[in-house]
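J.: Data file data-v3.csv (CSV, C-alpha atoms) is appended below.
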chain,number,residue,atom,x,y,z
O,1,MET,CA,6.8,-41.9,-23.0
O,2,GLU,CA,6.5,-40.8,-26.7
O,3,LYS,CA,8.3,-37.6,-27.6
O,4,GLU,CA,5.9,-34.8,-28.5
O,5,ASN,CA,6.2,-33.1,-31.8
O,6,ILE,CA,6.1,-29.5,-30.4
O,7,LYS,CA,5.5,-27.9,-33.8
O,8,ASP,CA,2.1,-29.7,-34.0
O,9,PHE,CA,0.7,-27.7,-31.1
O,10,ASP,CA,-0.7,-24.2,-31.5
O,11,ILE,CA,0.8,-21.5,-29.3
O,12,VAL,CA,-2.4,-21.0,-27.1
O,13,LYS,CA,-2.3,-24.7,-26.1
O,14,ILE,CA,1.4,-24.4,-25.3
O,15,ILE,CA,0.8,-21.4,-23.1
O,16,ASP,CA,-2.0,-23.2,-21.3
O,17,LYS,CA,0.0,-26.3,-20.9
O,18,TYR,CA,3.1,-24.5,-19.5
O,19,LYS,CA,1.3,-21.9,-17.4
O,20,PRO,CA,2.2,-23.6,-14.1
O,21,LEU,CA,5.8,-23.6,-15.1
O,22,MET,CA,5.7,-19.9,-15.9
O,23,ILE,CA,4.1,-19.1,-12.6
O,24,SER,CA,6.6,-21.2,-10.6
O,25,SER,CA,9.5,-19.7,-12.5
O,26,ILE,CA,8.3,-16.2,-11.6
O,27,LYS,CA,7.9,-17.2,-7.9
O,28,LYS,CA,11.2,-19.0,-7.7
O,29,TYR,CA,13.5,-16.7,-9.6
O,30,TYR,CA,12.0,-13.2,-9.2
O,31,ASP,CA,10.5,-11.2,-6.5
O,32,LYS,CA,6.8,-10.9,-7.3
O,33,ASN,CA,6.1,-7.2,-7.1
O,34,ASP,CA,4.1,-6.9,-10.3
O,35,PHE,CA,2.9,-10.5,-11.1
O,36,GLU,CA,0.7,-9.7,-14.0
O,37,GLU,CA,3.4,-7.9,-15.9
O,38,LEU,CA,5.9,-10.7,-15.1
O,39,PHE,CA,3.4,-13.3,-16.3
O,40,ASP,CA,3.0,-11.4,-19.6
O,41,GLU,CA,6.8,-11.4,-19.9
O,42,ALA,CA,6.8,-15.2,-19.2
O,43,VAL,CA,4.2,-15.7,-22.0
O,44,PHE,CA,6.3,-13.7,-24.4
O,45,GLU,CA,9.4,-15.7,-23.5
O,46,THR,CA,7.4,-18.9,-24.0
O,47,VAL,CA,6.4,-17.7,-27.5
O,48,ILE,CA,10.0,-16.9,-28.3
O,49,ALA,CA,11.0,-20.3,-27.0
O,50,PHE,CA,8.3,-22.0,-29.0
O,51,PHE,CA,9.7,-20.6,-32.3
O,52,SER,CA,13.3,-21.1,-31.4
O,53,PHE,CA,13.0,-24.6,-30.1
O,54,LYS,CA,14.8,-27.4,-32.0
O,55,GLU,CA,13.4,-30.9,-31.3
O,56,GLU,CA,16.8,-32.5,-31.4
O,57,LYS,CA,17.7,-30.5,-28.2
O,58,GLY,CA,15.4,-32.6,-26.0
O,59,SER,CA,12.0,-31.8,-24.6
O,60,PHE,CA,10.3,-28.5,-24.9
O,61,GLY,CA,9.4,-28.4,-21.2
O,62,GLY,CA,13.1,-28.7,-20.2
O,63,PHE,CA,14.1,-26.1,-22.8
O,64,LEU,CA,11.4,-23.7,-21.6
O,65,LYS,CA,12.2,-24.2,-17.9
O,66,SER,CA,15.8,-23.3,-18.6
O,67,LYS,CA,14.8,-20.2,-20.7
O,68,LEU,CA,12.5,-18.9,-18.1
O,69,LYS,CA,15.0,-19.5,-15.3
O,70,TYR,CA,17.7,-17.6,-17.0
O,71,TYR,CA,15.4,-14.8,-18.2
O,72,PHE,CA,14.1,-14.1,-14.7
O,73,LEU,CA,17.5,-14.5,-13.1
O,74,GLU,CA,18.9,-12.0,-15.6
O,75,LYS,CA,16.0,-9.6,-15.1
O,76,ASN,CA,16.4,-9.8,-11.3
O,77,ARG,CA,20.1,-9.1,-11.6
O,78,ASN,CA,19.6,-6.1,-13.9
O,79,LYS,CA,17.2,-4.3,-11.5
O,80,LYS,CA,18.7,-1.1,-10.4
O,81,LEU,CA,18.4,-0.1,-6.8
O,82,TYR,CA,18.3,3.6,-6.0
O,83,SER,CA,19.1,5.1,-2.7
O,84,LEU,CA,17.4,8.2,-1.5
O,85,ASN,CA,20.7,9.2,0.1
O,86,LYS,CA,22.7,9.1,-3.2
O,87,VAL,CA,24.2,12.5,-3.9
O,88,ASN,CA,23.4,13.8,-7.4
O,89,GLU,CA,25.6,16.0,-9.6
O,90,ASP,CA,24.4,19.2,-7.8
O,91,GLY,CA,25.6,17.8,-4.4
O,92,PHE,CA,22.1,17.1,-3.1
O,93,GLU,CA,20.7,13.8,-1.8
O,94,LEU,CA,17.8,12.6,-3.8
O,95,LEU,CA,15.7,12.7,-0.7
O,96,ASP,CA,16.3,16.5,-0.4
O,97,THR,CA,15.1,17.0,-4.0
O,98,LEU,CA,11.8,15.3,-3.6
O,99,GLU,CA,8.9,17.7,-3.4
O,100,SER,CA,5.8,17.1,-1.3
O,101,ASN,CA,2.9,19.1,-0.1
O,102,GLU,CA,2.8,17.0,3.0
O,103,ASN,CA,4.4,18.3,6.2
O,104,ILE,CA,5.2,15.1,8.1
O,105,GLU,CA,6.4,17.0,11.2
O,106,LYS,CA,3.2,19.1,11.3
O,107,ASP,CA,1.0,16.0,10.8
O,108,PHE,CA,2.9,14.2,13.6
O,109,LEU,CA,2.4,17.2,16.0
O,110,LYS,CA,-1.2,17.4,15.1
O,111,LYS,CA,-1.7,13.7,15.9
O,112,GLU,CA,0.1,14.2,19.2
O,113,GLU,CA,-2.2,17.1,20.0
O,114,TYR,CA,-5.3,15.0,19.2
O,115,LYS,CA,-3.9,12.2,21.5
O,116,ASN,CA,-3.4,14.7,24.3
O,117,LEU,CA,-6.8,16.3,23.8
O,118,LYS,CA,-8.4,12.9,23.9
O,119,LYS,CA,-6.6,12.2,27.3
O,120,LEU,CA,-7.9,15.5,28.6
O,121,ILE,CA,-11.4,14.8,27.4
O,122,LEU,CA,-11.4,11.5,29.2
O,123,LYS,CA,-10.8,13.4,32.5
O,124,LEU,CA,-14.1,15.2,32.1
O,125,SER,CA,-17.3,14.0,33.9
O,126,PRO,CA,-19.3,11.5,31.8
O,127,LYS,CA,-22.0,14.1,31.1
O,128,GLU,CA,-19.4,16.8,30.0
O,129,LYS,CA,-17.5,14.2,27.9
O,130,GLU,CA,-20.7,13.1,26.2
O,131,ILE,CA,-21.8,16.7,25.3
O,132,ILE,CA,-18.3,17.7,24.0
O,133,VAL,CA,-18.2,14.5,21.8
O,134,MET,CA,-21.7,15.1,20.5
O,135,TYR,CA,-21.1,18.8,19.8
O,136,TYR,CA,-17.5,18.7,18.4
O,137,PHE,CA,-17.1,15.2,17.0
O,138,GLN,CA,-20.6,14.3,15.9
O,139,ASN,CA,-21.3,17.9,14.8
O,140,LYS,CA,-24.7,18.1,16.6
O,141,ARG,CA,-26.2,21.4,17.5
O,142,ILE,CA,-27.0,22.4,21.1
O,143,LYS,CA,-30.8,22.2,20.3
O,144,GLN,CA,-30.4,18.7,18.9
O,145,ILE,CA,-28.3,17.5,21.9
O,146,ALA,CA,-30.9,19.1,24.3
O,147,LYS,CA,-33.7,17.2,22.6
O,148,GLU,CA,-31.8,13.9,22.6
O,149,LYS,CA,-30.8,14.3,26.3
O,150,GLN,CA,-34.2,15.7,27.2
O,151,MET,CA,-32.5,18.7,28.8
O,152,ALA,CA,-32.9,22.4,28.4
O,153,LYS,CA,-30.7,24.1,25.8
O,154,LYS,CA,-29.3,26.4,28.5
O,155,SER,CA,-28.2,23.4,30.6
O,156,ILE,CA,-26.4,21.9,27.6
O,157,SER,CA,-24.7,25.2,26.8
O,158,ASN,CA,-23.6,25.6,30.5
O,159,ILE,CA,-22.2,22.0,30.6
O,160,LYS,CA,-20.3,22.6,27.4
O,161,SER,CA,-18.9,25.9,28.7
O,162,ILE,CA,-17.8,24.4,31.9
O,163,ALA,CA,-16.2,21.5,30.1
O,164,LEU,CA,-14.3,23.9,27.8
O,165,LYS,CA,-13.0,25.9,30.7
O,166,LYS,CA,-11.7,22.7,32.3
O,167,LEU,CA,-10.1,21.7,29.0
O,168,ARG,CA,-8.4,25.1,28.6
O,169,ASN,CA,-7.1,25.0,32.2
O,170,GLU,CA,-5.8,21.4,31.6
O,171,ILE,CA,-4.1,22.5,28.3
O,172,LYS,CA,-2.3,25.3,30.1
O,173,ASN,CA,-1.0,22.9,32.7
O,174,PHE,CA,-0.1,20.2,30.2
Here is the file; what I need is its structure written in the form of structure tokens.
T.:
Amino acid sequence: MEKENIKDFDIVKIIDKYKPLMISSIKKYYDKNDFEELFDEAVFETVIAFFSFKEEKGSFGGFLKSKLKYYFLEKNRNKKLYSLNKVNEDGFELLDTLESNENIEKDFLKKEEYKNLKKLILKLSPKEKEIIVMYYFQNKRIKQIAKEKQMAKKSISNIKSIALKKLRNEIKNF
């Protein structure tokens, strides 16, 4: 095979030609968290390799493969890992210094309450369950429910009241 004169190519053709090598180097030697950024870095390294390549050193493909391999291995090695349990100069763990408007414990308890409420609603009669769901979860008014169910508004209201009493009693016993 005839040796290519690498300086006769323009850089865009070089990047297109060695794109598969750049992609495989990223996949092989670096964890792929931000692929686009890593690919841009591979292109940049390819441009640097293009201008620093000396033809007497061998093929450009082998030269580039080696450059990319060591670039990504070095980049991977230089990544700093931070622990949320590391104690800072004030004696606090990083985890303790993070601010958040979220209250995980409160959110968890709220989800548990919803699960429990769902269990209690499932104990209601089918008609009570349907009216509670329509009223509280589908935000339908008594009048609208009565029209859909072809029942009197007073009947819907009574069923809802009875169902709520049952739920209150169940919650007290829970």
J.: Quick one: contact table of region 30-116 of chain O to region 154-173 of chain O, 12 Å max, nearest atom pair and distance in Å to one decimal per residue, counting all atoms listed in the file, chain and number order, as JSON lines?
T.:
{"residue": "O:Glu113", "atom": "CA", "partner": "O:Ile171", "partner_atom": "CA", "distance": 10.1}
{"residue": "O:Tyr114", "atom": "CA", "partner": "O:Ile171", "partner_atom": "CA", "distance": 11.9}
{"residue": "O:Asn116", "atom": "CA", "partner": "O:Ile171", "partner_atom": "CA", "distance": 8.8}
J.: Could you take the residues named above and write them with C-alpha atoms, as a tab-separated table (two decimals), in the frame of the given file?
T.:
chain	number	residue	atom	x	y	z
O	113	GLU	CA	-2.20	17.10	20.00
O	114	TYR	CA	-5.30	15.00	19.20
O	116	ASN	CA	-3.40	14.70	24.30
J.: Hey, what's within 10 Å of Ile15 (chain O) if we count only C-alpha atoms and toss same-chain stuff fewer than 2 positions away? As a VMD selection string, please?
T.: chain O and resid 10 to 13 17 to 22 42 to 44 46 to 47 50
J.: CA of Glu36 (chain O) and CA of Asn76 (chain O), how far apart in Å?
T.: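 Interatomic distance, CA of Asn76 (chain O) to CA of Glu36 (chain O): 15.9 Å.
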J.: CA of Lys149 (chain O) and CA of Lys118 (chain O) are how many Å apart?
T.: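 These two atoms are separated by 22.6 Å.
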J.: Quick one: residues within 10 Å of region 95-112 of chain O, all atoms listed in the file counted, chain neighbours fewer than 3 positions away excluded, as a PyMOL selection string?
T.: chain O and resi 83-88+92+115-118
J.: Output the selection as an mmCIF file, in the frame of the given file - C-alpha atoms for each residue.
T.:
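Okay, this is what ended up in result-v2.cif:
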data_model
loop_
_atom_site.group_PDB
_atom_site.id
_atom_site.type_symbol
_atom_site.label_atom_id
_atom_site.label_comp_id
_atom_site.auth_asym_id
_atom_site.auth_seq_id
_atom_site.Cartn_x
_atom_site.Cartn_y
_atom_site.Cartn_z
ATOM 1 C CA SER O 83 19.100 5.100 -2.700
ATOM 2 C CA LEU O 84 17.400 8.200 -1.500
ATOM 3 C CA ASN O 85 20.700 9.200 0.100
ATOM 4 C CA LYS O 86 22.700 9.100 -3.200
ATOM 5 C CA VAL O 87 24.200 12.500 -3.900
ATOM 6 C CA ASN O 88 23.400 13.800 -7.400
ATOM 7 C CA PHE O 92 22.100 17.100 -3.100
ATOM 8 C CA LYS O 115 -3.900 12.200 21.500
ATOM 9 C CA ASN O 116 -3.400 14.700 24.300
ATOM 10 C CA LEU O 117 -6.800 16.300 23.800
ATOM 11 C CA LYS O 118 -8.400 12.900 23.900
#
J.: Just how far from CA of Phe137 (chain O) is CA of Ser125 (chain O), in Å to one decimal?
T.: 16.9 Å
J.: Can you work out which one of O:Phe53, O:Asp34, O:Ile14, O:Lys153 has the shortest atom-to-atom distance to Arg141 (chain O), counting all atoms listed in the file?
T.: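 Smallest distance to Arg141 (chain O) is found for O:Lys153.
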J.: Using all atoms listed in the file, determine which residues lie at most 9 Å from Lys65 (chain O), disregarding the query and same-chain residues fewer than 4 positions distant; provide the list as a PyMOL selection string.
T.: chain O and resi 21-22+25+60-61+69-70
J.: Compare O:Glu55, O:Lys119, O:Lys147, O:Tyr30 by their minimum atom-to-atom distance to Glu74 (chain O), counting all atoms listed in the file, and give me the closest one.
T.: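 When distances to Glu74 (chain O) are compared using all atoms listed in the file, the smallest one comes from O:Tyr30.
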J.: For region 9-20 of chain O, supply all heavy atoms and report the output as a JSON list (two decimals), in the coordinates of the input.
T.:
[["chain", "number", "residue", "atom", "x", "y", "z"],
["O", 9, "PHE", "N", 1.58, -28.40, -32.03],
["O", 9, "PHE", "CA", 0.70, -27.70, -31.10],
["O", 9, "PHE", "C", 0.51, -26.26, -31.56],
["O", 9, "PHE", "O", 1.41, -25.67, -32.16],
["O", 9, "PHE", "CB", 1.31, -27.66, -29.70],
["O", 9, "PHE", "CG", 1.22, -28.96, -28.98],
["O", 9, "PHE", "CD1", 2.22, -29.91, -29.09],
["O", 9, "PHE", "CD2", 0.13, -29.23, -28.17],
["O", 9, "PHE", "CE1", 2.14, -31.09, -28.41],
["O", 9, "PHE", "CE2", 0.05, -30.42, -27.47],
["O", 9, "PHE", "CZ", 1.05, -31.36, -27.60],
["O", 10, "ASP", "N", -0.62, -25.67, -31.23],
["O", 10, "ASP", "CA", -0.70, -24.20, -31.50],
["O", 10, "ASP", "C", -0.25, -23.50, -30.21],
["O", 10, "ASP", "O", -0.22, -24.07, -29.11],
["O", 10, "ASP", "CB", -2.10, -23.81, -31.97],
["O", 10, "ASP", "CG", -3.18, -23.75, -30.90],
["O", 10, "ASP", "OD1", -2.85, -23.58, -29.72],
["O", 10, "ASP", "OD2", -4.36, -23.85, -31.26],
["O", 11, "ILE", "N", 0.11, -22.25, -30.34],
["O", 11, "ILE", "CA", 0.80, -21.50, -29.30],
["O", 11, "ILE", "C", -0.15, -21.34, -28.03],
["O", 11, "ILE", "O", 0.33, -21.34, -26.91],
["O", 11, "ILE", "CB", 1.30, -20.13, -29.78],
["O", 11, "ILE", "CG1", 2.27, -19.53, -28.77],
["O", 11, "ILE", "CG2", 0.18, -19.19, -30.09],
["O", 11, "ILE", "CD1", 3.53, -20.30, -28.61],
["O", 12, "VAL", "N", -1.47, -21.21, -28.24],
["O", 12, "VAL", "CA", -2.40, -21.00, -27.10],
["O", 12, "VAL", "C", -2.37, -22.31, -26.24],
["O", 12, "VAL", "O", -2.35, -22.22, -25.01],
["O", 12, "VAL", "CB", -3.83, -20.74, -27.61],
["O", 12, "VAL", "CG1", -4.81, -20.68, -26.46],
["O", 12, "VAL", "CG2", -3.85, -19.44, -28.40],
["O", 13, "LYS", "N", -2.35, -23.46, -26.87],
["O", 13, "LYS", "CA", -2.30, -24.70, -26.10],
["O", 13, "LYS", "C", -0.97, -24.82, -25.35],
["O", 13, "LYS", "O", -0.93, -25.29, -24.22],
["O", 13, "LYS", "CB", -2.46, -25.91, -27.04],
["O", 13, "LYS", "CG", -3.86, -26.08, -27.56],
["O", 13, "LYS", "CD", -3.96, -27.28, -28.47],
["O", 13, "LYS", "CE", -5.35, -27.39, -29.07],
["O", 13, "LYS", "NZ", -5.42, -28.48, -30.06],
["O", 14, "ILE", "N", 0.10, -24.38, -25.97],
["O", 14, "ILE", "CA", 1.40, -24.40, -25.30],
["O", 14, "ILE", "C", 1.40, -23.51, -24.08],
["O", 14, "ILE", "O", 1.86, -23.91, -23.01],
["O", 14, "ILE", "CB", 2.54, -23.94, -26.30],
["O", 14, "ILE", "CG1", 2.67, -24.91, -27.46],
["O", 14, "ILE", "CG2", 3.86, -23.74, -25.58],
["O", 14, "ILE", "CD1", 3.22, -26.25, -27.09],
["O", 15, "ILE", "N", 0.86, -22.31, -24.23],
["O", 15, "ILE", "CA", 0.80, -21.40, -23.10],
["O", 15, "ILE", "C", -0.04, -21.98, -21.97],
["O", 15, "ILE", "O", 0.36, -21.93, -20.80],
["O", 15, "ILE", "CB", 0.29, -19.99, -23.55],
["O", 15, "ILE", "CG1", 1.34, -19.34, -24.43],
["O", 15, "ILE", "CG2", -0.04, -19.12, -22.35],
["O", 15, "ILE", "CD1", 0.88, -18.10, -25.15],
["O", 16, "ASP", "N", -1.19, -22.56, -22.31],
["O", 16, "ASP", "CA", -2.00, -23.20, -21.30],
["O", 16, "ASP", "C", -1.32, -24.34, -20.60],
["O", 16, "ASP", "O", -1.38, -24.49, -19.38],
["O", 16, "ASP", "CB", -3.35, -23.67, -21.89],
["O", 16, "ASP", "CG", -4.31, -22.54, -22.19],
["O", 16, "ASP", "OD1", -4.14, -21.44, -21.62],
["O", 16, "ASP", "OD2", -5.24, -22.75, -22.99],
["O", 17, "LYS", "N", -0.64, -25.15, -21.40],
["O", 17, "LYS", "CA", 0.00, -26.30, -20.90],
["O", 17, "LYS", "C", 1.17, -25.95, -19.91],
["O", 17, "LYS", "O", 1.38, -26.60, -18.90],
["O", 17, "LYS", "CB", 0.56, -27.18, -22.00],
["O", 17, "LYS", "CG", 1.24, -28.45, -21.53],
["O", 17, "LYS", "CD", 1.68, -29.31, -22.69],
["O", 17, "LYS", "CE", 2.36, -30.57, -22.15],
["O", 17, "LYS", "NZ", 2.77, -31.48, -23.20],
["O", 18, "TYR", "N", 1.91, -24.87, -20.25],
["O", 18, "TYR", "CA", 3.10, -24.50, -19.50],
["O", 18, "TYR", "C", 2.86, -23.34, -18.51],
["O", 18, "TYR", "O", 3.80, -22.81, -17.94],
["O", 18, "TYR", "CB", 4.28, -24.25, -20.40],
["O", 18, "TYR", "CG", 4.76, -25.52, -21.06],
["O", 18, "TYR", "CD1", 4.39, -25.83, -22.36],
["O", 18, "TYR", "CD2", 5.53, -26.43, -20.35],
["O", 18, "TYR", "CE1", 4.81, -27.02, -22.96],
["O", 18, "TYR", "CE2", 5.95, -27.62, -20.93],
["O", 18, "TYR", "CZ", 5.58, -27.91, -22.23],
["O", 18, "TYR", "OH", 5.99, -29.08, -22.81],
["O", 19, "LYS", "N", 1.60, -22.97, -18.33],
["O", 19, "LYS", "CA", 1.30, -21.90, -17.40],
["O", 19, "LYS", "C", 1.80, -22.15, -15.99],
["O", 19, "LYS", "O", 2.40, -21.26, -15.37],
["O", 19, "LYS", "CB", -0.24, -21.66, -17.39],
["O", 19, "LYS", "CG", -0.69, -20.48, -16.58],
["O", 19, "LYS", "CD", -2.20, -20.28, -16.70],
["O", 19, "LYS", "CE", -2.65, -19.06, -15.94],
["O", 19, "LYS", "NZ", -4.09, -18.83, -16.10],
["O", 20, "PRO", "N", 1.62, -23.36, -15.43],
["O", 20, "PRO", "CA", 2.20, -23.60, -14.10],
["O", 20, "PRO", "C", 3.69, -23.44, -14.04],
["O", 20, "PRO", "O", 4.22, -22.94, -13.03],
["O", 20, "PRO", "CB", 1.78, -25.07, -13.82],
["O", 20, "PRO", "CG", 0.60, -25.32, -14.70],
["O", 20, "PRO", "CD", 0.82, -24.49, -15.92]]
